[in-house]
Amino acid sequence: MAQFKIESTRKASLVGEVSETEEDSALVSVRAFFDSLAAGQSVEIDLAQLGSFHSVALSLLLSVMRIAEKASCSVVFSNLPQKMFDVARVGGLDDIIPQSHA
């Protein structure tokens with residue numbers, strides 16, 4: 001089961017396996033987090049412990065991006081697993097997923 005873990009107002013992580021049934025529960029936490037932030041806030045979401053690399057996990061990232069945009073915040077993903085990047089590239093989405101390269 002995927003979980004959204006908050007480390008601070010500027011850093012969070014997605015941890016575990018994403019499945020079609022658990023995507024919504026992770027998004028509930030993501031929405032609540034971004035709703036609590038001030039407009040203009042920038043957030044880094046660490047994906048190092050994400051265990052899913054398929055289209056549902058990629059859909060979760062796109063949903064996070066939409067939620068952040070709706071809250072007038074920006075998001076960048078760190079430690080994007082290579083397998084997930086490959087899935088994004090096949091779908092033509094590799095250029096729109098904001099990544100931290102630090």
# chains A, B, ... in the order shown; residues from 1 in each chain; ligands from 1
call {"tool": "select_by_dssp", "arguments": {"residues": "chain A", "states": "strand (DSSP E or B)", "output": "PyMOL selection string"}}
result
chain A and resi 3-6+11-16+42-46+50+74-78+99
call {"tool": "residues_around", "arguments": {"residues": "Ser55 of chain A", "least_positions_apart": "2", "cutoff": "12 Å", "atoms": "only C-alpha atoms", "output": "list in words"}}
result
Val18, Ser19, Glu20, Glu23, Ser52, Phe53, Ala57, Leu58, Ser59, Leu60, Leu61, Leu62, Lys83, Met84, Phe85, Asp86, Val87, Ala88, Arg89, Val90, Gly91 and Leu93 of chain A
call {"tool": "write_last_selection", "arguments": {"atoms": "C-alpha atoms", "output": "short mmCIF file (atom, residue, chain, number, x, y, z; two decimals), in the first residue's frame"}}
result
data_model
loop_
_atom_site.label_atom_id
_atom_site.label_comp_id
_atom_site.auth_asym_id
_atom_site.auth_seq_id
_atom_site.Cartn_x
_atom_site.Cartn_y
_atom_site.Cartn_z
CA VAL A 18 0.85 1.73 -5.69
CA SER A 19 -2.15 -0.23 -6.90
CA GLU A 20 -5.40 0.82 -8.52
CA GLU A 23 -4.12 5.35 -5.41
CA SER A 52 5.78 0.61 -8.12
CA PHE A 53 6.92 1.57 -11.59
CA ALA A 57 2.14 4.88 -10.21
CA LEU A 58 2.86 7.30 -13.04
CA SER A 59 -0.78 8.39 -12.95
CA LEU A 60 -0.35 9.08 -9.24
CA LEU A 61 2.56 11.44 -9.98
CA LEU A 62 0.50 13.28 -12.59
CA LYS A 83 12.01 2.03 -14.38
CA MET A 84 9.37 4.69 -13.75
CA PHE A 85 11.25 7.16 -15.93
CA ASP A 86 11.27 4.52 -18.69
CA VAL A 87 7.48 4.10 -18.38
CA ALA A 88 7.09 7.90 -18.55
CA ARG A 89 9.34 8.06 -21.62
CA VAL A 90 7.32 5.40 -23.44
CA GLY A 91 4.19 7.43 -22.70
CA LEU A 93 5.62 12.14 -20.34
#
call {"tool": "residues_around", "arguments": {"residues": "Asn79 of chain A", "least_positions_apart": "5", "cutoff": "6 Å", "atoms": "only C-alpha atoms", "output": "list in words"}}
result
Asp46, Leu47 and Ala48 of chain A
call {"tool": "residues_around", "arguments": {"residues": "segment 4-10 of chain A", "least_positions_apart": "3", "cutoff": "6 Å", "atoms": "only C-alpha atoms", "output": "list in words"}}
result
Ser13, Leu14, Ala26 and Val43 of chain A
call {"tool": "write_last_selection", "arguments": {"atoms": "all heavy atoms", "output": "short mmCIF file (atom, residue, chain, number, x, y, z; two decimals), in the first residue's frame"}}
result
data_model
loop_
_atom_site.label_atom_id
_atom_site.label_comp_id
_atom_site.auth_asym_id
_atom_site.auth_seq_id
_atom_site.Cartn_x
_atom_site.Cartn_y
_atom_site.Cartn_z
N SER A 13 7.40 12.26 0.95
CA SER A 13 7.80 11.10 0.17
C SER A 13 6.60 10.21 -0.11
O SER A 13 5.62 10.21 0.62
CB SER A 13 8.90 10.31 0.90
OG SER A 13 8.44 9.87 2.16
N LEU A 14 6.70 9.49 -1.21
CA LEU A 14 5.75 8.43 -1.54
C LEU A 14 6.48 7.12 -1.29
O LEU A 14 7.57 6.91 -1.82
CB LEU A 14 5.29 8.53 -2.99
CG LEU A 14 4.25 9.60 -3.26
CD1 LEU A 14 4.08 9.83 -4.76
CD2 LEU A 14 2.91 9.21 -2.64
N ALA A 26 -3.84 7.48 -1.15
CA ALA A 26 -2.62 8.30 -1.15
C ALA A 26 -2.96 9.73 -1.57
O ALA A 26 -2.43 10.69 -1.01
CB ALA A 26 -1.57 7.70 -2.07
N VAL A 43 7.59 22.16 -3.11
CA VAL A 43 7.70 20.92 -2.35
C VAL A 43 8.48 19.89 -3.15
O VAL A 43 8.27 19.72 -4.35
CB VAL A 43 6.29 20.34 -2.04
CG1 VAL A 43 6.40 19.01 -1.33
CG2 VAL A 43 5.48 21.33 -1.23
#
call {"tool": "closest_residue", "arguments": {"among": "A:Ala68, A:Ile96, A:Leu50, A:Ala2", "to": "Ser36 of chain A", "atoms": "only C-alpha atoms"}}
result
A:Ala68
call {"tool": "residues_around", "arguments": {"residues": "Gln99 of chain A", "least_positions_apart": "3", "cutoff": "9 Å", "atoms": "only C-alpha atoms", "output": "compact mmCIF listing (two decimals) with all heavy atoms, in the first residue's frame"}}
result
# COMPACT_ATOMS: atom_id res chain seq x y z
N GLU A 44 9.39 19.21 -2.47
CA GLU A 44 10.12 18.08 -3.06
C GLU A 44 9.50 16.79 -2.55
O GLU A 44 9.31 16.62 -1.34
CB GLU A 44 11.59 18.12 -2.66
CG GLU A 44 12.38 16.94 -3.17
CD GLU A 44 13.82 16.92 -2.66
OE1 GLU A 44 14.34 17.97 -2.25
OE2 GLU A 44 14.40 15.82 -2.66
N VAL A 75 5.89 21.47 -7.44
CA VAL A 75 6.37 20.19 -6.93
C VAL A 75 7.51 19.70 -7.82
O VAL A 75 7.50 19.93 -9.04
CB VAL A 75 5.23 19.15 -6.85
CG1 VAL A 75 4.70 18.81 -8.22
CG2 VAL A 75 5.66 17.89 -6.12
N VAL A 76 8.47 19.07 -7.19
CA VAL A 76 9.55 18.43 -7.92
C VAL A 76 9.76 17.06 -7.29
O VAL A 76 9.61 16.89 -6.07
CB VAL A 76 10.85 19.28 -7.89
CG1 VAL A 76 11.39 19.43 -6.48
CG2 VAL A 76 11.91 18.70 -8.80
N PHE A 77 10.04 16.06 -8.12
CA PHE A 77 10.22 14.70 -7.64
C PHE A 77 11.71 14.38 -7.61
O PHE A 77 12.43 14.65 -8.57
CB PHE A 77 9.50 13.70 -8.54
CG PHE A 77 8.01 13.92 -8.58
CD1 PHE A 77 7.42 14.53 -9.67
CD2 PHE A 77 7.22 13.52 -7.53
CE1 PHE A 77 6.05 14.74 -9.71
CE2 PHE A 77 5.85 13.73 -7.55
CZ PHE A 77 5.26 14.35 -8.64
N SER A 78 12.17 13.82 -6.50
CA SER A 78 13.56 13.39 -6.41
C SER A 78 13.62 11.87 -6.37
O SER A 78 12.65 11.20 -5.99
CB SER A 78 14.23 13.98 -5.15
OG SER A 78 13.59 13.55 -3.97
N ASN A 79 14.74 11.34 -6.78
CA ASN A 79 14.99 9.89 -6.78
C ASN A 79 13.94 9.12 -7.58
O ASN A 79 13.49 8.05 -7.17
CB ASN A 79 15.07 9.37 -5.35
CG ASN A 79 16.19 10.01 -4.58
OD1 ASN A 79 17.33 10.04 -5.03
ND2 ASN A 79 15.87 10.58 -3.42
N LEU A 80 13.58 9.67 -8.75
CA LEU A 80 12.65 8.99 -9.64
C LEU A 80 13.31 7.69 -10.12
O LEU A 80 14.38 7.73 -10.73
CB LEU A 80 12.31 9.88 -10.84
CG LEU A 80 11.29 9.35 -11.82
CD1 LEU A 80 9.90 9.40 -11.20
CD2 LEU A 80 11.30 10.16 -13.11
call {"tool": "select_by_dssp", "arguments": {"residues": "segment 12-78 of chain A", "states": "alpha helix (DSSP H)", "output": "list in words"}}
result
Glu23, Asp24, Ser25, Ala26, Leu27, Val28, Ser29, Val30, Arg31, Ala32, Phe33, Phe34, Asp35, Ser55, Val56, Ala57, Leu58, Ser59, Leu60, Leu61, Leu62, Ser63, Val64, Met65, Arg66, Ile67, Ala68, Glu69 and Lys70 of chain A
call {"tool": "write_last_selection", "arguments": {"atoms": "N, CA and C atoms", "output": "tab-separated table (two decimals), in the first residue's frame"}}
result
chain	number	residue	atom	x	y	z
A	23	GLU	N	-4.48	4.03	-4.88
A	23	GLU	CA	-4.12	5.35	-5.41
A	23	GLU	C	-4.94	6.44	-4.75
A	24	ASP	N	-6.24	6.22	-4.61
A	24	ASP	CA	-7.10	7.25	-4.05
A	24	ASP	C	-6.75	7.59	-2.61
A	25	SER	N	-6.40	6.61	-1.79
A	25	SER	CA	-6.07	6.89	-0.40
A	25	SER	C	-4.80	7.73	-0.30
A	26	ALA	N	-3.84	7.48	-1.15
A	26	ALA	CA	-2.62	8.30	-1.15
A	26	ALA	C	-2.96	9.73	-1.57
A	27	LEU	N	-3.86	9.87	-2.54
A	27	LEU	CA	-4.22	11.20	-3.02
A	27	LEU	C	-4.98	12.01	-1.98
A	28	VAL	N	-5.74	11.37	-1.12
A	28	VAL	CA	-6.42	12.07	-0.04
A	28	VAL	C	-5.38	12.78	0.84
A	29	SER	N	-4.32	12.07	1.16
A	29	SER	CA	-3.25	12.66	1.98
A	29	SER	C	-2.52	13.78	1.23
A	30	VAL	N	-2.30	13.58	-0.06
A	30	VAL	CA	-1.63	14.60	-0.87
A	30	VAL	C	-2.48	15.87	-0.92
A	31	ARG	N	-3.77	15.73	-1.15
A	31	ARG	CA	-4.67	16.90	-1.20
A	31	ARG	C	-4.66	17.66	0.12
A	32	ALA	N	-4.78	16.94	1.23
A	32	ALA	CA	-4.79	17.59	2.55
A	32	ALA	C	-3.48	18.33	2.78
A	33	PHE	N	-2.36	17.74	2.38
A	33	PHE	CA	-1.06	18.38	2.55
A	33	PHE	C	-0.98	19.68	1.75
A	34	PHE	N	-1.29	19.62	0.47
A	34	PHE	CA	-1.20	20.82	-0.36
A	34	PHE	C	-2.23	21.88	0.05
A	35	ASP	N	-3.39	21.45	0.53
A	35	ASP	CA	-4.39	22.41	1.02
A	35	ASP	C	-3.88	23.17	2.24
A	55	SER	N	2.06	2.11	-14.91
A	55	SER	CA	1.27	3.28	-15.33
A	55	SER	C	0.40	3.84	-14.20
A	56	VAL	N	-0.05	3.02	-13.27
A	56	VAL	CA	-0.85	3.54	-12.15
A	56	VAL	C	0.00	4.42	-11.26
A	57	ALA	N	1.23	4.04	-11.01
A	57	ALA	CA	2.14	4.88	-10.21
A	57	ALA	C	2.44	6.18	-10.95
A	58	LEU	N	2.63	6.10	-12.24
A	58	LEU	CA	2.86	7.30	-13.04
A	58	LEU	C	1.63	8.20	-13.00
A	59	SER	N	0.46	7.63	-13.06
A	59	SER	CA	-0.78	8.39	-12.95
A	59	SER	C	-0.86	9.11	-11.61
A	60	LEU	N	-0.38	8.46	-10.56
A	60	LEU	CA	-0.35	9.08	-9.24
A	60	LEU	C	0.52	10.34	-9.26
A	61	LEU	N	1.68	10.27	-9.90
A	61	LEU	CA	2.56	11.44	-9.98
A	61	LEU	C	1.88	12.58	-10.74
A	62	LEU	N	1.21	12.25	-11.82
A	62	LEU	CA	0.50	13.28	-12.59
A	62	LEU	C	-0.61	13.90	-11.75
A	63	SER	N	-1.29	13.10	-10.96
A	63	SER	CA	-2.32	13.62	-10.07
A	63	SER	C	-1.73	14.54	-9.02
A	64	VAL	N	-0.59	14.18	-8.47
A	64	VAL	CA	0.10	15.03	-7.50
A	64	VAL	C	0.43	16.38	-8.13
A	65	MET	N	0.91	16.34	-9.37
A	65	MET	CA	1.24	17.59	-10.08
A	65	MET	C	0.00	18.47	-10.24
A	66	ARG	N	-1.14	17.87	-10.59
A	66	ARG	CA	-2.39	18.64	-10.75
A	66	ARG	C	-2.86	19.23	-9.42
A	67	ILE	N	-2.75	18.45	-8.36
A	67	ILE	CA	-3.15	18.92	-7.03
A	67	ILE	C	-2.27	20.10	-6.60
A	68	ALA	N	-0.97	19.98	-6.82
A	68	ALA	CA	-0.05	21.06	-6.48
A	68	ALA	C	-0.38	22.32	-7.27
A	69	GLU	N	-0.63	22.15	-8.56
A	69	GLU	CA	-0.96	23.30	-9.40
A	69	GLU	C	-2.25	23.97	-8.93
A	70	LYS	N	-3.25	23.19	-8.59
A	70	LYS	CA	-4.51	23.74	-8.10
A	70	LYS	C	-4.30	24.53	-6.80
call {"tool": "closest_residue", "arguments": {"among": "A:Gln3, A:Gln82, A:Ser74, A:Ser100", "to": "Ala38 of chain A", "atoms": "only C-alpha atoms"}}
result
A:Ser74
call {"tool": "atom_distance", "arguments": {"atom1": "atom CA of Gly51 of chain A", "atom2": "atom CA of Ser72 of chain A"}}
result
28.5 Å
call {"tool": "closest_residue", "arguments": {"among": "A:Gly92, A:Cys73, A:Pro98, A:Val15", "to": "Leu37 of chain A", "atoms": "only C-alpha atoms"}}
result
A:Cys73
